[in-house]
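Okay, structure first, notes after.
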Amino acid sequence: MFTHDRKNMREVFFRAWQHYRDEIPLEGVEQLIVTIAQRHPEYQPILNDAQRYADRDYAPQLGETNPFLHMGMHIAIAEQLSIDQPRGVRAHFRAILARTGDEHETEHRMMDCMGEMLWQAERAGVAPNAAIYLSCLARLSGIEMRES
């Protein structure tokens, strides 16, 4: 699903939402996209207007949240949890969930850690480092990190 082509990636989101609205059976990642969009009603007007939002830029320095990045991070966390990769992410999720009592809030806290990892990688011009992500999750979950 993920690609470096922003327009193509966004089209997956628009198509999934349109299929949902048209009551067309959802395939593959479409169900996950729709579930995430349902938990984010503030993004539904964006998904309803592909022509307007397909090429829109979002400026974090102006306090704007990129809804496609946000929903994509939810998808990434769901995929991580489904296979427990990076190893231990599921245990961190459960521990954070025990503290928050809310799956969606737990994912948002995890997204802060993911964002930190991605920001550090971009700043240094290197690949994302799962150890940074897991270390941040450990601070949130209270689970001590162990060397493999």
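Just so we're on the same page: first chain in the structure tokens is A, next is B, and so on; residues restart at 1 for each chain, and ligands are numbered from 1 in the order they show up.
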With only C-alpha atoms as the counted atoms, please give the residues lying no more than 6 Å from range 111-121 of chain A, apart from itself and same-chain residues fewer than 6 positions off, as a PDB file with C-alpha atoms, in the first residue's frame.
```
ATOM      1  CA  ALA A 127      16.966   4.805   8.010  1.00  0.00           C
ATOM      2  CA  PRO A 128      14.510   4.788  10.930  1.00  0.00           C
ATOM      3  CA  ILE A 132      14.596   4.710  19.222  1.00  0.00           C
ATOM      4  CA  TYR A 133      10.927   3.789  18.787  1.00  0.00           C
ATOM      5  CA  CYS A 136      10.258   5.781  23.637  1.00  0.00           C
TER       6      CYS A 136
END
```
Can you list, as a VMD selection string, every protein, DNA or RNA residue that comes within 12 Å of Leu26 in chain A when you count only C-alpha atoms, leaving out same-chain residues fewer than 5 positions away? chain A and resid 12 to 13 15 to 21 31 to 35
Considering only C-alpha atoms, return as a list in words whatever protein or nucleic-acid residues lie within 12 Å of Arg39 in chain A, sequence-local ones (same chain, fewer than 3 positions apart) excluded. Leu32, Ile33, Val34, Thr35, Ile36, Glu42, Tyr43, Gln44, His70, Met71, His74, Glu103, His104, Glu105, Glu107 and His108 of chain A
Would you work out the distance separating CA of Ala78 in chain A from CA of Gln38 in chain A, expressed in Å to one decimal? 15.3 Å
Find the residues near range 94-99 of chain A: any atom within 12 Å, counting only C-alpha atoms, skip ones fewer than 2 places away on the same chain, and give them as a PDB file with N, CA and C atoms, in the first residue's frame.
```pdb
ATOM      1  N   LEU A  81       1.401  -4.399  15.314  1.00  0.00           N
ATOM      2  CA  LEU A  81       0.772  -5.205  16.359  1.00  0.00           C
ATOM      3  C   LEU A  81       0.384  -6.591  15.848  1.00  0.00           C
ATOM      4  N   ASP A  84       3.797  -8.323  15.771  1.00  0.00           N
ATOM      5  CA  ASP A  84       4.708  -7.989  16.866  1.00  0.00           C
ATOM      6  C   ASP A  84       6.095  -7.600  16.351  1.00  0.00           C
ATOM      7  N   GLY A  88       8.304  -6.919  20.561  1.00  0.00           N
ATOM      8  CA  GLY A  88       7.982  -6.304  21.836  1.00  0.00           C
ATOM      9  C   GLY A  88       6.957  -5.197  21.741  1.00  0.00           C
ATOM     10  N   VAL A  89       6.634  -4.737  20.525  1.00  0.00           N
ATOM     11  CA  VAL A  89       5.695  -3.632  20.367  1.00  0.00           C
ATOM     12  C   VAL A  89       4.320  -3.992  20.937  1.00  0.00           C
ATOM     13  N   ARG A  90       3.925  -5.249  20.814  1.00  0.00           N
ATOM     14  CA  ARG A  90       2.622  -5.685  21.331  1.00  0.00           C
ATOM     15  C   ARG A  90       2.571  -5.560  22.855  1.00  0.00           C
ATOM     16  N   ALA A  91       3.647  -5.943  23.528  1.00  0.00           N
ATOM     17  CA  ALA A  91       3.692  -5.842  24.998  1.00  0.00           C
ATOM     18  C   ALA A  91       3.631  -4.375  25.426  1.00  0.00           C
ATOM     19  N   HIS A  92       4.326  -3.502  24.709  1.00  0.00           N
ATOM     20  CA  HIS A  92       4.263  -2.076  25.017  1.00  0.00           C
ATOM     21  C   HIS A  92       2.837  -1.558  24.818  1.00  0.00           C
ATOM     22  N   GLY A 101      -6.578   2.974  29.051  1.00  0.00           N
ATOM     23  CA  GLY A 101      -7.920   2.405  28.991  1.00  0.00           C
ATOM     24  C   GLY A 101      -8.598   2.621  27.650  1.00  0.00           C
ATOM     25  N   ASP A 102      -7.859   3.108  26.658  1.00  0.00           N
ATOM     26  CA  ASP A 102      -8.457   3.437  25.361  1.00  0.00           C
ATOM     27  C   ASP A 102      -7.482   3.092  24.240  1.00  0.00           C
ATOM     28  N   GLU A 103      -7.899   2.204  23.333  1.00  0.00           N
ATOM     29  CA  GLU A 103      -7.020   1.768  22.248  1.00  0.00           C
ATOM     30  C   GLU A 103      -6.591   2.918  21.344  1.00  0.00           C
ATOM     31  N   HIS A 104      -7.533   3.784  21.022  1.00  0.00           N
ATOM     32  CA  HIS A 104      -7.229   4.885  20.111  1.00  0.00           C
ATOM     33  C   HIS A 104      -6.220   5.842  20.746  1.00  0.00           C
ATOM     34  N   GLU A 105      -6.413   6.182  22.007  1.00  0.00           N
ATOM     35  CA  GLU A 105      -5.459   7.034  22.717  1.00  0.00           C
ATOM     36  C   GLU A 105      -4.095   6.361  22.805  1.00  0.00           C
ATOM     37  N   THR A 106      -4.093   5.059  23.029  1.00  0.00           N
ATOM     38  CA  THR A 106      -2.832   4.309  23.085  1.00  0.00           C
ATOM     39  C   THR A 106      -2.095   4.419  21.764  1.00  0.00           C
ATOM     40  N   GLU A 107      -2.813   4.246  20.656  1.00  0.00           N
ATOM     41  CA  GLU A 107      -2.184   4.367  19.344  1.00  0.00           C
ATOM     42  C   GLU A 107      -1.627   5.779  19.141  1.00  0.00           C
ATOM     43  N   HIS A 108      -2.350   6.795  19.583  1.00  0.00           N
ATOM     44  CA  HIS A 108      -1.868   8.164  19.432  1.00  0.00           C
ATOM     45  C   HIS A 108      -0.584   8.378  20.229  1.00  0.00           C
ATOM     46  N   ARG A 109      -0.487   7.812  21.394  1.00  0.00           N
ATOM     47  CA  ARG A 109       0.748   7.941  22.169  1.00  0.00           C
ATOM     48  C   ARG A 109       1.893   7.219  21.465  1.00  0.00           C
ATOM     49  N   MET A 110       1.586   6.055  20.896  1.00  0.00           N
ATOM     50  CA  MET A 110       2.606   5.318  20.155  1.00  0.00           C
ATOM     51  C   MET A 110       3.042   6.099  18.921  1.00  0.00           C
ATOM     52  N   CYS A 136      11.331   4.838  23.337  1.00  0.00           N
ATOM     53  CA  CYS A 136      10.258   5.781  23.637  1.00  0.00           C
ATOM     54  C   CYS A 136       9.033   5.029  24.167  1.00  0.00           C
ATOM     55  N   LEU A 137       8.687   3.923  23.518  1.00  0.00           N
ATOM     56  CA  LEU A 137       7.551   3.117  23.990  1.00  0.00           C
ATOM     57  C   LEU A 137       7.797   2.600  25.397  1.00  0.00           C
ATOM     58  N   ALA A 138       9.032   2.235  25.692  1.00  0.00           N
ATOM     59  CA  ALA A 138       9.369   1.736  27.031  1.00  0.00           C
ATOM     60  C   ALA A 138       9.133   2.819  28.082  1.00  0.00           C
ATOM     61  N   ARG A 139       9.453   4.049  27.757  1.00  0.00           N
ATOM     62  CA  ARG A 139       9.197   5.151  28.698  1.00  0.00           C
ATOM     63  C   ARG A 139       7.701   5.288  28.964  1.00  0.00           C
ATOM     64  N   LEU A 140       6.888   5.091  27.943  1.00  0.00           N
ATOM     65  CA  LEU A 140       5.432   5.195  28.097  1.00  0.00           C
ATOM     66  C   LEU A 140       4.832   3.994  28.812  1.00  0.00           C
ATOM     67  N   SER A 141       5.376   2.822  28.531  1.00  0.00           N
ATOM     68  CA  SER A 141       4.774   1.583  29.033  1.00  0.00           C
ATOM     69  C   SER A 141       5.303   1.162  30.396  1.00  0.00           C
ATOM     70  N   GLY A 142       6.520   1.610  30.710  1.00  0.00           N
ATOM     71  CA  GLY A 142       7.140   1.166  31.946  1.00  0.00           C
ATOM     72  C   GLY A 142       7.797  -0.191  31.833  1.00  0.00           C
ATOM     73  N   ILE A 143       7.860  -0.732  30.612  1.00  0.00           N
ATOM     74  CA  ILE A 143       8.504  -2.027  30.378  1.00  0.00           C
ATOM     75  C   ILE A 143       9.977  -1.787  30.129  1.00  0.00           C
ATOM     76  N   GLU A 144      10.809  -2.452  30.912  1.00  0.00           N
ATOM     77  CA  GLU A 144      12.251  -2.298  30.781  1.00  0.00           C
ATOM     78  C   GLU A 144      12.740  -2.927  29.480  1.00  0.00           C
TER      79      GLU A 144
END
```
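Checking A:Arg52, A:Gln85, A:Leu62, A:Phe68 one by one against Asn8 in chain A, counting only C-alpha atoms, you find the shortest gap at A:Phe68.
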As an NGL selection string, please: every residue in range 2-90 of chain A that a backbone DSSP assignment puts in alpha helix (DSSP H). :A and (6-21 or 30-39 or 44-47 or 50-53 or 67-83 or 89-90)
Output for the residues just chosen: N, CA and C atoms as a short mmCIF file (atom, residue, chain, number, x, y, z; two decimals), in the first residue's frame:
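What ended up in part.cif:
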```cif
data_model
loop_
_atom_site.label_atom_id
_atom_site.label_comp_id
_atom_site.auth_asym_id
_atom_site.auth_seq_id
_atom_site.Cartn_x
_atom_site.Cartn_y
_atom_site.Cartn_z
N ARG A 6 3.06 10.43 -3.27
CA ARG A 6 2.01 10.94 -2.37
C ARG A 6 0.63 10.83 -2.99
N LYS A 7 0.51 11.18 -4.25
CA LYS A 7 -0.81 11.17 -4.91
C LYS A 7 -1.38 9.75 -4.98
N ASN A 8 -0.55 8.79 -5.35
CA ASN A 8 -1.02 7.41 -5.42
C ASN A 8 -1.41 6.87 -4.05
N MET A 9 -0.61 7.21 -3.03
CA MET A 9 -0.91 6.75 -1.68
C MET A 9 -2.24 7.34 -1.20
N ARG A 10 -2.42 8.61 -1.45
CA ARG A 10 -3.67 9.25 -1.02
C ARG A 10 -4.86 8.67 -1.76
N GLU A 11 -4.67 8.31 -3.01
CA GLU A 11 -5.76 7.72 -3.79
C GLU A 11 -6.30 6.45 -3.13
N VAL A 12 -5.43 5.69 -2.48
CA VAL A 12 -5.87 4.48 -1.76
C VAL A 12 -6.87 4.87 -0.67
N PHE A 13 -6.58 5.94 0.04
CA PHE A 13 -7.48 6.41 1.09
C PHE A 13 -8.80 6.90 0.50
N PHE A 14 -8.73 7.72 -0.54
CA PHE A 14 -9.95 8.23 -1.15
C PHE A 14 -10.81 7.09 -1.71
N ARG A 15 -10.17 6.13 -2.37
CA ARG A 15 -10.91 5.01 -2.97
C ARG A 15 -11.58 4.16 -1.90
N ALA A 16 -10.87 3.86 -0.81
CA ALA A 16 -11.44 3.06 0.27
C ALA A 16 -12.68 3.75 0.84
N TRP A 17 -12.57 5.04 1.09
CA TRP A 17 -13.70 5.78 1.66
C TRP A 17 -14.86 5.83 0.67
N GLN A 18 -14.56 6.01 -0.61
CA GLN A 18 -15.62 6.04 -1.62
C GLN A 18 -16.31 4.67 -1.71
N HIS A 19 -15.53 3.59 -1.66
CA HIS A 19 -16.13 2.25 -1.67
C HIS A 19 -17.06 2.07 -0.48
N TYR A 20 -16.62 2.53 0.68
CA TYR A 20 -17.46 2.45 1.88
C TYR A 20 -18.76 3.22 1.68
N ARG A 21 -18.64 4.45 1.19
CA ARG A 21 -19.83 5.29 0.99
C ARG A 21 -20.78 4.70 -0.05
N GLU A 30 -8.43 -1.63 2.69
CA GLU A 30 -9.56 -0.70 2.68
C GLU A 30 -10.36 -0.76 3.97
N GLN A 31 -10.58 -1.95 4.50
CA GLN A 31 -11.36 -2.08 5.74
C GLN A 31 -10.65 -1.35 6.89
N LEU A 32 -9.36 -1.49 6.97
CA LEU A 32 -8.59 -0.81 8.01
C LEU A 32 -8.66 0.70 7.83
N ILE A 33 -8.54 1.17 6.61
CA ILE A 33 -8.63 2.60 6.33
C ILE A 33 -9.98 3.16 6.77
N VAL A 34 -11.04 2.45 6.43
CA VAL A 34 -12.39 2.90 6.79
C VAL A 34 -12.57 2.90 8.30
N THR A 35 -12.08 1.88 8.97
CA THR A 35 -12.18 1.83 10.43
C THR A 35 -11.48 3.04 11.05
N ILE A 36 -10.30 3.35 10.55
CA ILE A 36 -9.55 4.50 11.06
C ILE A 36 -10.30 5.80 10.75
N ALA A 37 -10.82 5.92 9.54
CA ALA A 37 -11.56 7.13 9.17
C ALA A 37 -12.82 7.29 10.03
N GLN A 38 -13.44 6.20 10.38
CA GLN A 38 -14.62 6.27 11.24
C GLN A 38 -14.26 6.78 12.63
N ARG A 39 -13.06 6.48 13.09
CA ARG A 39 -12.60 6.98 14.39
C ARG A 39 -12.11 8.42 14.31
N GLN A 44 -13.19 12.91 7.60
CA GLN A 44 -14.14 12.44 6.60
C GLN A 44 -14.46 13.47 5.53
N PRO A 45 -14.59 14.76 5.85
CA PRO A 45 -14.81 15.74 4.77
C PRO A 45 -13.64 15.78 3.78
N ILE A 46 -12.44 15.53 4.26
CA ILE A 46 -11.27 15.48 3.38
C ILE A 46 -11.38 14.27 2.45
N LEU A 47 -11.75 13.13 3.01
CA LEU A 47 -11.88 11.92 2.21
C LEU A 47 -13.05 12.01 1.23
N ALA A 50 -11.76 14.30 -2.84
CA ALA A 50 -10.45 13.94 -3.37
C ALA A 50 -9.87 15.04 -4.26
N GLN A 51 -10.71 15.63 -5.06
CA GLN A 51 -10.21 16.64 -5.99
C GLN A 51 -9.56 17.81 -5.24
N ARG A 52 -10.13 18.19 -4.15
CA ARG A 52 -9.60 19.34 -3.38
C ARG A 52 -8.36 18.98 -2.56
N TYR A 53 -8.31 17.74 -2.02
CA TYR A 53 -7.27 17.41 -1.05
C TYR A 53 -6.17 16.48 -1.55
N PRO A 67 -3.59 14.61 7.63
CA PRO A 67 -4.49 13.50 7.94
C PRO A 67 -4.05 12.18 7.31
N PHE A 68 -3.40 12.25 6.17
CA PHE A 68 -2.97 11.02 5.50
C PHE A 68 -1.80 10.39 6.23
N LEU A 69 -0.89 11.21 6.71
CA LEU A 69 0.20 10.70 7.53
C LEU A 69 -0.35 10.12 8.83
N HIS A 70 -1.28 10.84 9.44
CA HIS A 70 -1.87 10.38 10.69
C HIS A 70 -2.55 9.02 10.52
N MET A 71 -3.39 8.91 9.49
CA MET A 71 -4.07 7.63 9.25
C MET A 71 -3.07 6.55 8.86
N GLY A 72 -2.05 6.91 8.10
CA GLY A 72 -1.01 5.96 7.72
C GLY A 72 -0.26 5.42 8.93
N MET A 73 -0.04 6.28 9.92
CA MET A 73 0.63 5.82 11.14
C MET A 73 -0.26 4.86 11.92
N HIS A 74 -1.57 5.11 11.92
CA HIS A 74 -2.49 4.15 12.53
C HIS A 74 -2.37 2.79 11.83
N ILE A 75 -2.30 2.81 10.51
CA ILE A 75 -2.16 1.56 9.75
C ILE A 75 -0.85 0.88 10.10
N ALA A 76 0.23 1.64 10.16
CA ALA A 76 1.53 1.07 10.50
C ALA A 76 1.49 0.41 11.87
N ILE A 77 0.88 1.05 12.85
CA ILE A 77 0.79 0.47 14.18
C ILE A 77 -0.05 -0.80 14.16
N ALA A 78 -1.15 -0.80 13.44
CA ALA A 78 -1.98 -2.01 13.34
C ALA A 78 -1.17 -3.16 12.75
N GLU A 79 -0.39 -2.86 11.72
CA GLU A 79 0.43 -3.91 11.10
C GLU A 79 1.53 -4.37 12.06
N GLN A 80 2.15 -3.45 12.78
CA GLN A 80 3.17 -3.83 13.76
C GLN A 80 2.57 -4.76 14.82
N LEU A 81 1.40 -4.40 15.31
CA LEU A 81 0.77 -5.21 16.36
C LEU A 81 0.38 -6.59 15.85
N SER A 82 -0.01 -6.67 14.58
CA SER A 82 -0.46 -7.95 14.04
C SER A 82 0.67 -8.97 13.96
N ILE A 83 1.92 -8.49 13.83
CA ILE A 83 3.05 -9.42 13.73
C ILE A 83 4.10 -9.21 14.82
N VAL A 89 6.63 -4.74 20.52
CA VAL A 89 5.70 -3.63 20.37
C VAL A 89 4.32 -3.99 20.94
N ARG A 90 3.93 -5.25 20.81
CA ARG A 90 2.62 -5.68 21.33
C ARG A 90 2.57 -5.56 22.86
#
```
